[in-house]
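J.: The following file, coords.tsv, comprises TSV, C-alpha atoms:
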chain	number	residue	atom	x	y	z
A	1	MET	CA	56.00	104.22	-71.71
A	2	THR	CA	54.87	107.82	-71.32
A	3	ILE	CA	56.68	110.90	-72.59
A	4	THR	CA	55.78	114.05	-70.69
A	5	ARG	CA	57.06	117.49	-69.89
A	6	ILE	CA	58.68	117.48	-66.47
A	7	PRO	CA	56.07	118.37	-63.82
A	8	GLU	CA	56.49	121.69	-62.01
A	9	ASP	CA	56.49	119.86	-58.68
A	10	PHE	CA	59.24	117.41	-59.74
A	11	SER	CA	61.76	117.04	-56.93
A	12	ASP	CA	63.88	113.94	-57.60
A	13	TRP	CA	66.86	115.83	-58.99
A	14	PRO	CA	69.37	113.33	-57.54
A	15	GLY	CA	67.47	110.53	-59.31
A	16	LEU	CA	67.38	112.39	-62.62
A	17	LEU	CA	71.09	113.16	-62.31
A	18	ALA	CA	71.77	109.46	-61.67
A	19	LEU	CA	69.77	108.59	-64.80
A	20	ILE	CA	71.86	110.98	-66.93
A	21	ARG	CA	75.16	109.79	-65.48
A	22	THR	CA	74.17	106.13	-65.90
A	23	ALA	CA	73.12	106.74	-69.51
A	24	PHE	CA	76.37	108.59	-70.26
A	25	ALA	CA	78.67	106.21	-68.32
A	26	SER	CA	79.67	104.29	-71.45
A	27	MET	CA	81.36	107.49	-72.73
A	28	ASP	CA	83.80	107.61	-69.81
A	29	GLY	CA	87.30	106.95	-71.10
A	30	VAL	CA	86.05	107.17	-74.70
A	31	ILE	CA	85.43	110.89	-75.21
A	32	ASP	CA	87.81	113.74	-74.52
A	33	PRO	CA	87.03	116.14	-72.94
A	34	PRO	CA	84.82	114.23	-70.49
A	35	SER	CA	81.06	114.72	-70.60
A	36	SER	CA	79.62	117.86	-69.05
A	37	ALA	CA	77.25	115.51	-67.20
A	38	HIS	CA	80.07	115.11	-64.66
A	39	ARG	CA	79.75	118.80	-63.76
A	40	LEU	CA	76.00	118.62	-63.11
A	41	THR	CA	74.68	118.66	-59.56
A	42	PRO	CA	71.09	118.16	-58.41
A	43	GLU	CA	70.86	121.94	-57.94
A	44	SER	CA	72.29	122.82	-61.36
A	45	LEU	CA	70.04	120.23	-62.99
A	46	ALA	CA	66.98	121.78	-61.33
A	47	GLU	CA	68.10	125.20	-62.59
A	48	LYS	CA	68.61	123.76	-66.08
A	49	ALA	CA	65.06	122.38	-66.03
A	50	ARG	CA	63.71	125.81	-65.04
A	51	ALA	CA	65.67	127.59	-67.79
A	52	GLU	CA	65.02	125.02	-70.52
A	53	ILE	CA	62.26	122.63	-71.55
A	54	CYS	CA	62.68	119.16	-70.07
A	55	HIS	CA	60.81	116.04	-71.13
A	56	LEU	CA	60.88	112.73	-69.29
A	57	ALA	CA	60.29	109.19	-70.50
A	58	LEU	CA	58.41	107.41	-67.71
A	59	GLU	CA	57.97	103.70	-67.22
A	60	ASP	CA	55.47	102.93	-64.46
A	61	GLY	CA	55.91	106.54	-63.32
A	62	ILE	CA	59.70	106.23	-62.98
A	63	PRO	CA	62.03	108.32	-65.19
A	64	VAL	CA	63.99	106.12	-67.61
A	65	GLY	CA	64.95	108.82	-70.11
A	66	CYS	CA	65.09	112.57	-70.55
A	67	LEU	CA	66.06	115.40	-72.84
A	68	PHE	CA	66.48	119.13	-72.47
A	69	LEU	CA	65.43	121.62	-75.15
A	70	LYS	CA	66.36	125.24	-75.67
A	71	PRO	CA	65.01	127.54	-78.40
A	72	GLU	CA	67.79	129.25	-80.37
A	73	ALA	CA	67.54	132.17	-82.77
A	74	PRO	CA	66.34	132.37	-85.36
A	75	ASP	CA	64.45	129.10	-85.95
A	76	CYS	CA	66.09	126.24	-84.10
A	77	LEU	CA	65.44	124.07	-81.05
A	78	TYR	CA	68.63	122.77	-79.41
A	79	VAL	CA	68.43	119.20	-78.08
A	80	GLY	CA	70.74	118.43	-75.17
A	81	LYS	CA	71.27	115.79	-72.52
A	82	LEU	CA	69.28	113.14	-74.41
A	83	ALA	CA	69.66	110.26	-71.98
A	84	VAL	CA	68.09	106.79	-71.83
A	85	LEU	CA	68.93	104.10	-69.29
A	86	PRO	CA	71.22	101.49	-70.87
A	87	HIS	CA	68.77	98.56	-70.65
A	88	LEU	CA	66.25	100.57	-72.72
A	89	GLN	CA	68.64	101.98	-75.32
A	90	GLY	CA	67.78	100.81	-78.81
A	91	LYS	CA	64.12	100.22	-77.88
A	92	GLY	CA	62.60	103.45	-79.22
A	93	VAL	CA	62.75	105.60	-76.08
A	94	GLY	CA	65.18	108.10	-77.60
A	95	ARG	CA	63.13	108.28	-80.78
A	96	ARG	CA	60.00	109.03	-78.75
A	97	LEU	CA	61.80	111.74	-76.81
A	98	LEU	CA	62.93	113.29	-80.11
A	99	GLN	CA	59.34	113.15	-81.37
A	100	ALA	CA	58.40	115.22	-78.30
A	101	ALA	CA	61.20	117.63	-79.28
A	102	GLU	CA	59.73	117.93	-82.79
A	103	GLU	CA	56.30	118.67	-81.33
A	104	GLU	CA	57.83	121.29	-79.02
A	105	ALA	CA	59.65	122.90	-81.97
A	106	ARG	CA	56.40	123.15	-83.91
A	107	ARG	CA	54.65	124.72	-80.89
A	108	HIS	CA	57.38	127.37	-80.91
A	109	ASN	CA	57.24	127.75	-84.74
A	110	LEU	CA	60.82	126.50	-85.08
A	111	SER	CA	61.76	124.69	-88.28
A	112	ARG	CA	64.68	122.55	-87.18
A	113	LEU	CA	66.28	120.59	-84.36
A	114	ARG	CA	69.99	120.89	-83.59
A	115	LEU	CA	72.18	118.66	-81.46
A	116	GLU	CA	75.84	118.02	-80.81
A	117	THR	CA	77.48	114.63	-80.45
A	118	ARG	CA	81.06	113.70	-79.75
A	119	ILE	CA	83.28	112.80	-82.67
A	120	GLU	CA	84.21	109.46	-81.04
A	121	LEU	CA	80.58	108.30	-80.73
A	122	VAL	CA	80.20	106.97	-84.27
A	123	GLN	CA	77.18	104.83	-83.35
A	124	ASN	CA	75.36	107.96	-82.16
A	125	HIS	CA	76.12	109.62	-85.51
A	126	ALA	CA	74.55	106.65	-87.31
A	127	THR	CA	71.52	106.61	-85.01
A	128	PHE	CA	70.87	110.33	-85.41
A	129	SER	CA	71.32	110.02	-89.19
A	130	ALA	CA	68.74	107.23	-89.24
A	131	TRP	CA	66.40	109.58	-87.37
A	132	GLY	CA	66.74	112.24	-90.08
A	133	PHE	CA	69.61	114.37	-88.76
A	134	VAL	CA	72.44	115.48	-91.06
A	135	ARG	CA	75.94	116.59	-90.14
A	136	THR	CA	76.18	120.37	-90.40
A	137	ALA	CA	79.48	121.24	-88.70
A	138	GLU	CA	82.60	119.88	-87.05
A	139	LYS	CA	83.79	121.81	-84.00
A	140	SER	CA	86.29	121.77	-81.15
A	141	HIS	CA	85.93	122.38	-77.45
A	142	PRO	CA	87.99	125.31	-76.11
A	143	GLY	CA	91.62	124.33	-75.71
A	144	PHE	CA	91.52	121.49	-78.26
A	145	ASP	CA	93.23	121.64	-81.65
A	146	ARG	CA	91.27	118.73	-83.09
A	147	ILE	CA	87.59	118.16	-83.81
A	148	THR	CA	85.87	116.99	-80.62
A	149	PHE	CA	82.21	117.10	-81.63
A	150	ILE	CA	79.90	117.35	-84.58
A	151	GLU	CA	76.73	119.33	-84.96
A	152	MET	CA	73.74	117.66	-86.57
A	153	GLN	CA	70.42	119.19	-87.61
A	154	LYS	CA	67.04	117.94	-88.67
A	155	MET	CA	64.72	120.05	-90.79
A	156	LEU	CA	61.09	119.67	-89.75
A	157	ALA	CA	58.15	119.46	-92.06
A	158	THR	CA	55.79	122.45	-91.93
A	159	PRO	CA	52.15	121.78	-90.99
A	160	ALA	CA	51.21	122.11	-94.70
A	161	GLU	CA	53.89	119.56	-95.67
A	162	GLN	CA	52.60	117.16	-93.03
A	163	ARG	CA	49.08	117.25	-94.50
A	164	ARG	CA	50.22	116.29	-98.02
A	165	PRO	CA	49.30	112.75	-99.07
Take the structure in the file and write it out as structure tokens.
T.:
Amino acid sequence: MTITRIPEDFSDWPGLLALIRTAFASMDGVIDPPSSAHRLTPESLAEKARAEICHLALEDGIPVGCLFLKPEAPDCLYVGKLAVLPHLQGKGVGRRLLQAAEEEARRHNLSRLRLETRIELVQNHATFSAWGFVRTAEKSHPGFDRITFIEMQKMLATPAEQRRP
């Protein structure tokens, strides 16, 4: 398994979109509103990759996971569209992608990661908590009068803190 930044000459946007939709398919009928992955097209995904930082998990050169990152003021890196094919979920691929996100945050001198996960996806909350994220907010999508997602953040160790025994 290799984790890499998406190559500039990447062109399989339909394949990457299929990966995301396959990874998110278990949410259909569970979350409301439906996942924004349904609104993605190959063209909008390519634009997203140009505007944000995309990393791929590759197995034998084939994408099996991805995540998109976007620096936010003042010191945060937003993690979005973390997707891993179902047969590889729970096998460390997501954790490795998040390690790449941590490295990217440090390169940008950002001290924390932030993500959002749907309120219904309790197992995701537990997984992200196990990976060091803490719940920081409960929010609603426009038009909803109930909580529809939670925000979670992970504080990152500074380089000096990493060197401590």
J.: Kindly list the centre and edge lengths in Å, rounded to one decimal, for the axis-aligned box that covers all listed atoms of region 96-111 of chain A plus 4 Å on each of its six sides, as lines of an AutoDock Vina configuration file.
T.:
center_x = 58.8
center_y = 118.4
center_z = -82.5
size_x = 16.3
size_y = 26.7
size_z = 19.5
J.: What does the distance from CA of Val134 (chain A) to CA of Pro34 (chain A) come to in Å, to one decimal?
T.: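 If I compute the distance from CA of Val134 (chain A) to CA of Pro34 (chain A), I get 24.0 Å.
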J.: Select, from A:Asp75, A:Val122, A:Ile6, A:Thr127, the residue with the minimum atom-to-atom distance to Gly90 (chain A), counting all atoms listed in the file.
T.: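 Under the stated criterion, the closest residue is A:Thr127.
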J.: Considering all atoms listed in the file, return as a list in words whatever protein or nucleic-acid residues lie within 10 Å of Thr136 (chain A), sequence-local ones (same chain, fewer than 6 positions apart) excluded.
T.: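 My reading of the contact set: Arg114, Leu115, Glu116, Ile150, Glu151, Met152, Gln153 and Lys154 of chain A.
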J.: Please identify all polymer residues within 10 Å of Gly94 (chain A), counting all atoms listed in the file, omitting same-chain residues fewer than 5 positions from it, and present them as a list of chain:residue names.
T.: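 In the requested form, the answer reads A:Ala57, A:Gly65, A:Cys66, A:Leu67, A:Leu82, A:Ala83, A:Val84, A:Leu85, A:Leu88, A:Gln89, A:Gln99, A:Ala100, A:Thr127, A:Phe128, A:Trp131.
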J.: Create the file for the chosen residues now, containing C-alpha atoms and written as a PDB file, keeping the file's coordinate frame.
T.:
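Result file follows (out_7.pdb):
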ATOM      1  CA  ALA A  57      60.290 109.190 -70.500  1.00  0.00           C
ATOM      2  CA  GLY A  65      64.950 108.820 -70.110  1.00  0.00           C
ATOM      3  CA  CYS A  66      65.090 112.570 -70.550  1.00  0.00           C
ATOM      4  CA  LEU A  67      66.060 115.400 -72.840  1.00  0.00           C
ATOM      5  CA  LEU A  82      69.280 113.140 -74.410  1.00  0.00           C
ATOM      6  CA  ALA A  83      69.660 110.260 -71.980  1.00  0.00           C
ATOM      7  CA  VAL A  84      68.090 106.790 -71.830  1.00  0.00           C
ATOM      8  CA  LEU A  85      68.930 104.100 -69.290  1.00  0.00           C
ATOM      9  CA  LEU A  88      66.250 100.570 -72.720  1.00  0.00           C
ATOM     10  CA  GLN A  89      68.640 101.980 -75.320  1.00  0.00           C
ATOM     11  CA  GLN A  99      59.340 113.150 -81.370  1.00  0.00           C
ATOM     12  CA  ALA A 100      58.400 115.220 -78.300  1.00  0.00           C
ATOM     13  CA  THR A 127      71.520 106.610 -85.010  1.00  0.00           C
ATOM     14  CA  PHE A 128      70.870 110.330 -85.410  1.00  0.00           C
ATOM     15  CA  TRP A 131      66.400 109.580 -87.370  1.00  0.00           C
TER      16      TRP A 131
END
J.: Neighbouring residues of Arg112 (chain A) were defined as those with any atom within 6 Å, considering all atoms listed in the file; residues of the same chain fewer than 3 positions away were excluded. Please report them as a list of chain:residue names.
T.: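 That gives A:Cys76, A:Lys154, A:Met155, A:Leu156.
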J.: Could you save the residues just selected, with C-alpha atoms, as a short mmCIF file (atom, residue, chain, number, x, y, z; two decimals), keeping the file's coordinate frame?
T.:
data_model
loop_
_atom_site.label_atom_id
_atom_site.label_comp_id
_atom_site.auth_asym_id
_atom_site.auth_seq_id
_atom_site.Cartn_x
_atom_site.Cartn_y
_atom_site.Cartn_z
CA CYS A 76 66.09 126.24 -84.10
CA LYS A 154 67.04 117.94 -88.67
CA MET A 155 64.72 120.05 -90.79
CA LEU A 156 61.09 119.67 -89.75
#
J.: Interatomic distance between CA of Ala51 (chain A) and CA of Arg118 (chain A)?
T.: 23.9 Å
J.: Determine the nearest neighbour of Leu121 (chain A) from the options A:Arg50, A:Phe149, A:Asp9, A:His55, counting all atoms listed in the file.
T.: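 For Leu121 (chain A), the nearest of the given residues is A:Phe149.
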